[in-house]
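What follows is model-v7.cif (mmCIF, C-alpha atoms; chains and numbers go by the auth columns).
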```cif
data_my_file
#
loop_
_atom_site.group_PDB
_atom_site.id
_atom_site.type_symbol
_atom_site.label_atom_id
_atom_site.label_comp_id
_atom_site.label_asym_id
_atom_site.label_seq_id
_atom_site.Cartn_x
_atom_site.Cartn_y
_atom_site.Cartn_z
_atom_site.B_iso_or_equiv
_atom_site.auth_seq_id
_atom_site.auth_asym_id
ATOM 1 C CA MET A 1 128.259 104.631 172.661 0.00 1346 A
ATOM 2 C CA THR A 2 131.449 105.471 170.787 0.00 1347 A
ATOM 3 C CA ASP A 3 131.605 106.720 167.244 0.00 1348 A
ATOM 4 C CA THR A 4 133.264 104.004 165.156 0.00 1349 A
ATOM 5 C CA ALA A 5 132.607 105.593 161.772 0.00 1350 A
ATOM 6 C CA PRO A 6 135.806 106.745 160.105 0.00 1351 A
ATOM 7 C CA HIS A 7 136.387 110.471 160.094 0.00 1352 A
ATOM 8 C CA PRO A 8 136.387 111.927 156.595 0.00 1353 A
ATOM 9 C CA THR A 9 139.745 112.875 155.185 0.00 1354 A
ATOM 10 C CA ALA A 10 140.425 116.385 153.957 0.00 1355 A
ATOM 11 C CA ARG A 11 140.076 115.089 150.402 0.00 1356 A
ATOM 12 C CA GLU A 12 136.695 113.483 151.152 0.00 1357 A
ATOM 13 C CA ALA A 13 135.537 116.724 152.756 0.00 1358 A
ATOM 14 C CA GLN A 14 136.573 118.608 149.602 0.00 1359 A
ATOM 15 C CA TRP A 15 134.772 116.093 147.353 0.00 1360 A
ATOM 16 C CA SER A 16 131.682 116.294 149.578 0.00 1361 A
ATOM 17 C CA GLN A 17 131.633 120.060 149.283 0.00 1362 A
ATOM 18 C CA GLU A 18 132.049 119.881 145.496 0.00 1363 A
ATOM 19 C CA LEU A 19 129.298 117.247 145.155 0.00 1364 A
ATOM 20 C CA ARG A 20 126.900 119.391 147.189 0.00 1365 A
ATOM 21 C CA GLY A 21 127.894 122.420 145.132 0.00 1366 A
ATOM 22 C CA HIS A 22 126.772 120.538 142.029 0.00 1367 A
ATOM 23 C CA GLY A 23 123.492 119.552 143.670 0.00 1368 A
ATOM 24 C CA ARG A 24 124.513 115.921 144.204 0.00 1369 A
ATOM 25 C CA ARG A 25 124.067 113.921 147.375 0.00 1370 A
ATOM 26 C CA VAL A 26 127.240 112.763 149.067 0.00 1371 A
ATOM 27 C CA THR A 27 127.051 108.961 148.962 0.00 1372 A
ATOM 28 C CA ARG A 28 129.428 106.199 149.980 0.00 1373 A
ATOM 29 C CA GLN A 29 129.400 105.026 146.359 0.00 1374 A
ATOM 30 C CA ARG A 30 130.476 108.381 144.929 0.00 1375 A
ATOM 31 C CA LEU A 31 133.169 108.835 147.563 0.00 1376 A
ATOM 32 C CA ALA A 32 134.399 105.263 147.016 0.00 1377 A
ATOM 33 C CA VAL A 33 134.731 105.858 143.262 0.00 1378 A
ATOM 34 C CA LEU A 34 136.599 109.122 143.798 0.00 1379 A
ATOM 35 C CA SER A 35 138.875 107.467 146.347 0.00 1380 A
ATOM 36 C CA ALA A 36 139.574 104.483 144.068 0.00 1381 A
ATOM 37 C CA VAL A 37 140.563 106.743 141.183 0.00 1382 A
ATOM 38 C CA GLU A 38 142.633 108.945 143.512 0.00 1383 A
ATOM 39 C CA ARG A 39 144.579 105.894 144.748 0.00 1384 A
ATOM 40 C CA SER A 40 145.147 104.617 141.207 0.00 1385 A
ATOM 41 C CA PRO A 41 145.559 107.521 138.772 0.00 1386 A
ATOM 42 C CA HIS A 42 144.835 106.638 135.145 0.00 1387 A
ATOM 43 C CA ALA A 43 142.601 103.756 136.221 0.00 1388 A
ATOM 44 C CA THR A 44 140.239 102.133 133.750 0.00 1389 A
ATOM 45 C CA ALA A 45 136.569 101.868 134.666 0.00 1390 A
ATOM 46 C CA ASP A 46 137.064 98.168 135.369 0.00 1391 A
ATOM 47 C CA ASP A 47 140.061 98.932 137.618 0.00 1392 A
ATOM 48 C CA ALA A 48 137.983 101.483 139.509 0.00 1393 A
ATOM 49 C CA ALA A 49 135.065 99.056 139.811 0.00 1394 A
ATOM 50 C CA ALA A 50 137.320 96.323 141.207 0.00 1395 A
ATOM 51 C CA ALA A 51 138.765 98.749 143.785 0.00 1396 A
ATOM 52 C CA VAL A 52 135.328 100.042 144.788 0.00 1397 A
ATOM 53 C CA ARG A 53 134.022 96.485 145.175 0.00 1398 A
ATOM 54 C CA GLN A 54 136.757 95.839 147.758 0.00 1399 A
ATOM 55 C CA GLU A 55 135.066 98.469 149.922 0.00 1400 A
ATOM 56 C CA LEU A 56 131.468 98.033 148.739 0.00 1401 A
ATOM 57 C CA PRO A 57 131.159 94.409 147.530 0.00 1402 A
ATOM 58 C CA HIS A 58 127.493 94.681 146.572 0.00 1403 A
ATOM 59 C CA ILE A 59 127.825 97.655 144.232 0.00 1404 A
ATOM 60 C CA ALA A 60 127.016 96.803 140.618 0.00 1405 A
ATOM 61 C CA VAL A 61 129.759 97.389 138.064 0.00 1406 A
ATOM 62 C CA GLN A 62 127.231 99.345 135.991 0.00 1407 A
ATOM 63 C CA SER A 63 126.719 101.683 138.947 0.00 1408 A
ATOM 64 C CA VAL A 64 130.443 102.427 138.998 0.00 1409 A
ATOM 65 C CA TYR A 65 130.316 103.226 135.253 0.00 1410 A
ATOM 66 C CA VAL A 66 127.369 105.582 135.808 0.00 1411 A
ATOM 67 C CA ILE A 67 129.125 107.302 138.720 0.00 1412 A
ATOM 68 C CA LEU A 68 132.338 107.685 136.674 0.00 1413 A
ATOM 69 C CA ALA A 69 130.378 109.326 133.850 0.00 1414 A
ATOM 70 C CA ASP A 70 128.527 111.628 136.245 0.00 1415 A
ATOM 71 C CA LEU A 71 131.673 112.663 138.131 0.00 1416 A
ATOM 72 C CA THR A 72 133.407 113.332 134.812 0.00 1417 A
ATOM 73 C CA ALA A 73 130.498 115.484 133.616 0.00 1418 A
ATOM 74 C CA LEU A 74 130.687 117.444 136.889 0.00 1419 A
ATOM 75 C CA GLY A 75 134.421 117.995 136.445 0.00 1420 A
ATOM 76 C CA LEU A 76 135.472 116.019 139.530 0.00 1421 A
ATOM 77 C CA LEU A 77 137.162 113.403 137.320 0.00 1422 A
ATOM 78 C CA ARG A 78 138.965 113.670 134.023 0.00 1423 A
ATOM 79 C CA ARG A 79 138.490 111.014 131.351 0.00 1424 A
ATOM 80 C CA ILE A 80 141.620 110.233 129.332 0.00 1425 A
ATOM 81 C CA GLU A 81 141.365 108.674 125.873 0.00 1426 A
ATOM 82 C CA THR A 82 144.553 106.925 124.778 0.00 1427 A
ATOM 83 C CA PRO A 83 145.111 104.814 121.656 0.00 1428 A
ATOM 84 C CA HIS A 84 144.597 101.061 121.936 0.00 1429 A
ATOM 85 C CA SER A 85 143.315 101.347 125.512 0.00 1430 A
ATOM 86 C CA PRO A 86 140.001 101.719 127.272 0.00 1431 A
ATOM 87 C CA ALA A 87 139.190 105.129 128.718 0.00 1432 A
ATOM 88 C CA ARG A 88 141.000 105.981 131.914 0.00 1433 A
ATOM 89 C CA TYR A 89 140.155 108.333 134.759 0.00 1434 A
ATOM 90 C CA GLU A 90 142.011 110.597 137.148 0.00 1435 A
ATOM 91 C CA THR A 91 141.161 113.047 139.901 0.00 1436 A
ATOM 92 C CA ARG A 92 143.732 115.593 138.719 0.00 1437 A
ATOM 93 C CA VAL A 93 141.451 118.112 137.028 0.00 1438 A
ATOM 94 C CA GLY A 94 141.492 121.775 136.150 0.00 1439 A
ATOM 95 C CA ASP A 95 145.183 122.231 135.451 0.00 1440 A
ATOM 96 C CA ASN A 96 145.316 121.254 131.747 0.00 1441 A
ATOM 97 C CA HIS A 97 148.227 118.835 132.180 0.00 1442 A
ATOM 98 C CA HIS A 98 149.047 116.325 129.471 0.00 1443 A
ATOM 99 C CA HIS A 99 149.976 112.640 129.309 0.00 1444 A
ATOM 100 C CA ALA A 100 152.779 110.483 127.967 0.00 1445 A
ATOM 101 C CA VAL A 101 151.983 106.873 127.074 0.00 1446 A
ATOM 102 C CA CYS A 102 154.614 104.164 126.729 0.00 1447 A
ATOM 103 C CA THR A 103 153.962 102.304 123.487 0.00 1448 A
ATOM 104 C CA GLY A 104 155.699 99.258 124.961 0.00 1449 A
ATOM 105 C CA CYS A 105 153.972 98.636 128.290 0.00 1450 A
ATOM 106 C CA GLY A 106 151.122 101.180 128.208 0.00 1451 A
ATOM 107 C CA ARG A 107 152.228 103.058 131.328 0.00 1452 A
ATOM 108 C CA ILE A 108 150.816 106.580 131.510 0.00 1453 A
ATOM 109 C CA GLU A 109 152.667 109.479 133.106 0.00 1454 A
ATOM 110 C CA ASP A 110 151.507 113.024 133.731 0.00 1455 A
ATOM 111 C CA VAL A 111 153.291 115.782 131.820 0.00 1456 A
ATOM 112 C CA GLU A 112 153.027 119.378 132.948 0.00 1457 A
ATOM 113 C CA CYS A 113 151.542 121.990 130.642 0.00 1458 A
ATOM 114 C CA ALA A 114 153.719 122.357 127.527 0.00 1459 A
ATOM 115 C CA VAL A 115 153.978 126.158 127.709 0.00 1460 A
ATOM 116 C CA GLY A 116 153.195 126.818 131.344 0.00 1461 A
ATOM 117 C CA HIS A 117 149.694 128.266 131.240 0.00 1462 A
ATOM 118 C CA ALA A 118 146.306 126.906 130.235 0.00 1463 A
ATOM 119 C CA PRO A 119 145.416 126.144 127.522 0.00 1464 A
ATOM 120 C CA CYS A 120 149.150 125.616 126.801 0.00 1465 A
ATOM 121 C CA LEU A 121 148.925 125.863 123.036 0.00 1466 A
ATOM 122 C CA THR A 122 147.678 128.591 120.724 0.00 1467 A
ATOM 123 C CA PRO A 123 146.128 127.234 117.527 0.00 1468 A
ATOM 124 C CA GLN A 124 146.735 128.812 114.170 0.00 1469 A
ATOM 125 C CA TRP A 125 143.306 129.054 112.548 0.00 1470 A
ATOM 126 C CA SER A 126 142.818 128.166 108.906 0.00 1471 A
ATOM 127 C CA PRO A 127 141.866 131.064 106.620 0.00 1472 A
ATOM 128 C CA GLY A 128 138.119 131.589 106.690 0.00 1473 A
ATOM 129 C CA SER A 129 137.548 129.684 109.944 0.00 1474 A
ATOM 130 C CA ALA A 130 135.538 131.315 112.696 0.00 1475 A
ATOM 131 C CA GLY A 131 138.025 130.306 115.380 0.00 1476 A
ATOM 132 C CA MET A 132 137.158 129.517 118.986 0.00 1477 A
ATOM 133 C CA THR A 133 138.083 130.455 122.499 0.00 1478 A
ATOM 134 C CA ILE A 134 140.255 127.511 123.517 0.00 1479 A
ATOM 135 C CA GLN A 135 139.898 126.354 127.105 0.00 1480 A
ATOM 136 C CA ILE A 136 141.779 123.035 127.079 0.00 1481 A
ATOM 137 C CA ALA A 137 144.497 121.605 124.857 0.00 1482 A
ATOM 138 C CA ASP A 138 144.977 117.832 125.095 0.00 1483 A
ATOM 139 C CA VAL A 139 148.439 116.672 124.107 0.00 1484 A
ATOM 140 C CA LEU A 140 149.314 112.995 124.121 0.00 1485 A
ATOM 141 C CA TYR A 141 152.983 112.114 123.953 0.00 1486 A
ATOM 142 C CA GLN A 142 153.846 108.562 122.868 0.00 1487 A
ATOM 143 C CA GLY A 143 157.183 106.826 123.236 0.00 1488 A
ATOM 144 C CA LEU A 144 159.093 104.202 125.188 0.00 1489 A
ATOM 145 C CA CYS A 145 159.609 104.455 128.941 0.00 1490 A
ATOM 146 C CA ALA A 146 163.046 103.745 130.384 0.00 1491 A
ATOM 147 C CA ASP A 147 162.040 100.206 131.423 0.00 1492 A
ATOM 148 C CA CYS A 148 160.900 99.311 127.892 0.00 1493 A
ATOM 149 C CA ARG A 149 163.710 101.198 126.179 0.00 1494 A
ATOM 150 C CA ALA A 150 166.508 99.264 127.937 0.00 1495 A
ATOM 151 C CA PRO A 151 165.559 95.757 126.723 0.00 1496 A
ATOM 152 C CA ALA A 152 164.611 97.113 123.303 0.00 1497 A
ATOM 153 C CA ALA A 153 168.090 98.539 122.862 0.00 1498 A
ATOM 154 C CA GLY A 154 169.805 95.219 123.658 0.00 1499 A
ATOM 155 C CA PRO A 155 173.437 94.631 122.836 0.00 1500 A
ATOM 156 C CA THR A 156 174.851 96.381 119.848 0.00 1501 A
ATOM 157 C CA ILE A 157 175.569 93.893 117.062 0.00 1502 A
ATOM 158 C CA TYR A 158 177.795 95.023 114.271 0.00 1503 A
ATOM 159 C CA PRO A 159 177.655 93.467 110.812 0.00 1504 A
ATOM 160 C CA SER A 160 180.455 91.134 109.824 0.00 1505 A
ATOM 161 C CA SER A 161 183.507 92.835 108.510 0.00 1506 A
ATOM 162 C CA THR A 162 186.586 91.624 106.774 0.00 1507 A
ATOM 163 C CA THR A 163 188.668 92.375 109.883 0.00 1508 A
ATOM 164 C CA GLU A 164 186.942 89.514 111.744 0.00 1509 A
ATOM 165 C CA THR A 165 188.222 87.003 109.218 0.00 1510 A
ATOM 166 C CA GLY A 166 191.658 88.459 109.192 0.00 1511 A
ATOM 167 C CA ALA A 167 191.360 89.803 105.651 0.00 1512 A
ATOM 168 C CA GLN A 168 191.951 93.470 105.100 0.00 1513 A
#
```
Structure translated into structure tokens:
Amino acid sequence: MTDTAPHPTAREAQWSQELRGHGRRVTRQRLAVLSAVERSPHATADDAAAAVRQELPHIAVQSVYVILADLTALGLLRRIETPHSPARYETRVGDNHHHAVCTGCGRIEDVECAVGHAPCLTPQWSPGSAGMTIQIADVLYQGLCADCRAPAAGPTIYPSSTTETGAQ
């Protein structure tokens, strides 16, 4: 009999090792969620659930939500909170990168660490505060992407002037 099961990818092998290291069983559901988020960075929970259900049609959406929360708590996923949007997830963890969100279309792009080393920013503590050891600095840039900026700029229209009527 031949082995028809797909061979795990290097990424799946890494996830399996990390899951076991956290005392979790390696399941098709967990690997499918990780794979769905890996294929679609900045995916919402509903996006991830739809992708997982392509592979595992009988999985409950609630199960995907529970797995997303668990994988986030373990540090295998990162949850991103952006304004006016549901939470999003990505597999890029541990490097303290930031995000830029287009206020026109909602596209999210990764932005490398602002200073070059984690946690990227050094806070200035208020007088009398106890301060903290900062491990992560979340920066969210907001603006217009090139695709949204071009139509927003439109043609330049100048106000009427007396030279158009011939008067000077």
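Residues matched by the PyMOL selection byres ((chain A and resi 1390) around 8) in this file are Ala1388, Thr1389, Asp1391, Asp1392, Ala1393, Ala1394, Val1409, Tyr1410, Leu1413, Ala1432, Arg1433 and Tyr1434 of chain A.
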Fewer than 2 positions away in the same chain doesn't count, so skip those; otherwise give me all residues within 12 Å of Arg1373 in chain A, counting all atoms listed in the file, as a ChimeraX atom specification.
/A:1351,1353,1357,1360-1361,1370-1371,1375-1381,1397-1398,1400-1401,1404,1409,1412
Keeping only C-alpha atoms, write those residues as a compact mmCIF listing (two decimals), in the coordinates of the input.
```
# COMPACT_ATOMS: atom_id res chain seq x y z
CA PRO A 1351 135.81 106.74 160.10
CA PRO A 1353 136.39 111.93 156.60
CA GLU A 1357 136.70 113.48 151.15
CA TRP A 1360 134.77 116.09 147.35
CA SER A 1361 131.68 116.29 149.58
CA ARG A 1370 124.07 113.92 147.38
CA VAL A 1371 127.24 112.76 149.07
CA ARG A 1375 130.48 108.38 144.93
CA LEU A 1376 133.17 108.84 147.56
CA ALA A 1377 134.40 105.26 147.02
CA VAL A 1378 134.73 105.86 143.26
CA LEU A 1379 136.60 109.12 143.80
CA SER A 1380 138.88 107.47 146.35
CA ALA A 1381 139.57 104.48 144.07
CA VAL A 1397 135.33 100.04 144.79
CA ARG A 1398 134.02 96.48 145.18
CA GLU A 1400 135.07 98.47 149.92
CA LEU A 1401 131.47 98.03 148.74
CA ILE A 1404 127.82 97.66 144.23
CA VAL A 1409 130.44 102.43 139.00
CA ILE A 1412 129.12 107.30 138.72
```
List as a VMD selection string the protein and nucleic acid residues near Glu1426 in chain A, meaning an atom at most 12 Å away when all atoms listed in the file are counted, but skip any in the same chain fewer than 4 places from it.
chain A and resid 1387 to 1389 1430 to 1435 1443 to 1446 1453 1483 to 1485
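If you count all atoms listed in the file and ignore residues fewer than 5 places along the chain from Thr1448 in chain A, what sits within 8 Å of it is Gln1487, Gly1488 and Leu1489 of chain A.
Atom pair CA of Gly1439 in chain A / CA of Gly1420 in chain A has a distance of 8.0 Å (rounded to one decimal).
Atom pair CA of Leu1422 in chain A / CA of Val1438 in chain A has a distance of 6.4 Å (rounded to one decimal).
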Would you mind writing range 1439-1470 of chain A with N, CA and C atoms, as an mmCIF file, in the frame of the given file?
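New file out18.cif:
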```cif
data_model
loop_
_atom_site.group_PDB
_atom_site.id
_atom_site.type_symbol
_atom_site.label_atom_id
_atom_site.label_comp_id
_atom_site.auth_asym_id
_atom_site.auth_seq_id
_atom_site.Cartn_x
_atom_site.Cartn_y
_atom_site.Cartn_z
ATOM 1 N N GLY A 1439 141.438 120.325 136.098
ATOM 2 C CA GLY A 1439 141.492 121.775 136.150
ATOM 3 C C GLY A 1439 142.846 122.405 135.908
ATOM 4 N N ASP A 1440 143.876 121.620 135.647
ATOM 5 C CA ASP A 1440 145.183 122.231 135.451
ATOM 6 C C ASP A 1440 145.719 122.053 134.034
ATOM 7 N N ASN A 1441 144.963 121.428 133.161
ATOM 8 C CA ASN A 1441 145.316 121.254 131.747
ATOM 9 C C ASN A 1441 146.685 120.594 131.566
ATOM 10 N N HIS A 1442 146.990 119.577 132.395
ATOM 11 C CA HIS A 1442 148.227 118.835 132.180
ATOM 12 C C HIS A 1442 148.020 117.832 131.047
ATOM 13 N N HIS A 1443 149.091 117.256 130.594
ATOM 14 C CA HIS A 1443 149.047 116.325 129.471
ATOM 15 C C HIS A 1443 149.504 114.944 129.929
ATOM 16 N N HIS A 1444 149.594 114.009 128.978
ATOM 17 C CA HIS A 1444 149.976 112.640 129.309
ATOM 18 C C HIS A 1444 150.982 112.094 128.304
ATOM 19 N N ALA A 1445 151.845 111.231 128.805
ATOM 20 C CA ALA A 1445 152.779 110.483 127.967
ATOM 21 C C ALA A 1445 152.456 109.010 128.159
ATOM 22 N N VAL A 1446 152.326 108.288 127.038
ATOM 23 C CA VAL A 1446 151.983 106.873 127.074
ATOM 24 C C VAL A 1446 153.141 106.072 126.499
ATOM 25 N N CYS A 1447 153.571 105.047 127.235
ATOM 26 C CA CYS A 1447 154.614 104.164 126.729
ATOM 27 C C CYS A 1447 153.977 103.210 125.727
ATOM 28 N N THR A 1448 154.506 103.181 124.522
ATOM 29 C CA THR A 1448 153.962 102.304 123.487
ATOM 30 C C THR A 1448 154.385 100.860 123.703
ATOM 31 N N GLY A 1449 155.281 100.623 124.652
ATOM 32 C CA GLY A 1449 155.699 99.258 124.961
ATOM 33 C C GLY A 1449 154.816 98.610 126.004
ATOM 34 N N CYS A 1450 154.703 99.243 127.174
ATOM 35 C CA CYS A 1450 153.972 98.636 128.290
ATOM 36 C C CYS A 1450 152.638 99.312 128.586
ATOM 37 N N GLY A 1451 152.387 100.481 127.995
ATOM 38 C CA GLY A 1451 151.122 101.180 128.208
ATOM 39 C C GLY A 1451 151.081 102.089 129.423
ATOM 40 N N ARG A 1452 152.189 102.188 130.153
ATOM 41 C CA ARG A 1452 152.228 103.058 131.328
ATOM 42 C C ARG A 1452 151.918 104.492 130.922
ATOM 43 N N ILE A 1453 151.179 105.187 131.768
ATOM 44 C CA ILE A 1453 150.816 106.580 131.510
ATOM 45 C C ILE A 1453 151.434 107.447 132.592
ATOM 46 N N GLU A 1454 152.069 108.521 132.183
ATOM 47 C CA GLU A 1454 152.667 109.479 133.106
ATOM 48 C C GLU A 1454 152.071 110.857 132.832
ATOM 49 N N ASP A 1455 151.945 111.643 133.883
ATOM 50 C CA ASP A 1455 151.507 113.024 133.731
ATOM 51 C C ASP A 1455 152.653 113.872 133.209
ATOM 52 N N VAL A 1456 152.324 114.832 132.361
ATOM 53 C CA VAL A 1456 153.291 115.782 131.820
ATOM 54 C C VAL A 1456 152.715 117.172 132.070
ATOM 55 N N GLU A 1457 153.511 118.035 132.658
ATOM 56 C CA GLU A 1457 153.027 119.378 132.948
ATOM 57 C C GLU A 1457 152.714 120.128 131.652
ATOM 58 N N CYS A 1458 151.961 121.180 131.777
ATOM 59 C CA CYS A 1458 151.542 121.990 130.642
ATOM 60 C C CYS A 1458 152.748 122.362 129.770
ATOM 61 N N ALA A 1459 152.604 122.200 128.469
ATOM 62 C CA ALA A 1459 153.719 122.357 127.527
ATOM 63 C C ALA A 1459 154.306 123.768 127.523
ATOM 64 N N VAL A 1460 153.497 124.783 127.761
ATOM 65 C CA VAL A 1460 153.978 126.158 127.709
ATOM 66 C C VAL A 1460 153.981 126.795 129.092
ATOM 67 N N GLY A 1461 153.189 126.284 129.996
ATOM 68 C CA GLY A 1461 153.195 126.818 131.344
ATOM 69 C C GLY A 1461 151.918 127.509 131.769
ATOM 70 N N HIS A 1462 150.972 127.662 130.878
ATOM 71 C CA HIS A 1462 149.694 128.266 131.240
ATOM 72 C C HIS A 1462 148.603 127.610 130.408
ATOM 73 N N ALA A 1463 147.421 127.492 130.974
ATOM 74 C CA ALA A 1463 146.306 126.906 130.235
ATOM 75 C C ALA A 1463 145.825 127.909 129.198
ATOM 76 N N PRO A 1464 145.507 127.505 128.018
ATOM 77 C CA PRO A 1464 145.416 126.144 127.522
ATOM 78 C C PRO A 1464 146.701 125.579 126.930
ATOM 79 N N CYS A 1465 147.829 126.134 127.172
ATOM 80 C CA CYS A 1465 149.150 125.616 126.801
ATOM 81 C C CYS A 1465 149.536 125.814 125.351
ATOM 82 N N LEU A 1466 148.618 125.753 124.466
ATOM 83 C CA LEU A 1466 148.925 125.863 123.036
ATOM 84 C C LEU A 1466 147.993 126.880 122.402
ATOM 85 N N THR A 1467 148.494 127.623 121.446
ATOM 86 C CA THR A 1467 147.678 128.591 120.724
ATOM 87 C C THR A 1467 147.525 128.101 119.288
ATOM 88 N N PRO A 1468 146.313 127.749 118.887
ATOM 89 C CA PRO A 1468 146.128 127.234 117.527
ATOM 90 C C PRO A 1468 146.266 128.331 116.470
ATOM 91 N N GLN A 1469 146.699 127.924 115.335
ATOM 92 C CA GLN A 1469 146.735 128.812 114.170
ATOM 93 C C GLN A 1469 145.518 128.449 113.319
ATOM 94 N N TRP A 1470 144.561 129.340 113.226
ATOM 95 C CA TRP A 1470 143.306 129.054 112.548
ATOM 96 C C TRP A 1470 143.493 129.086 111.037
#
```
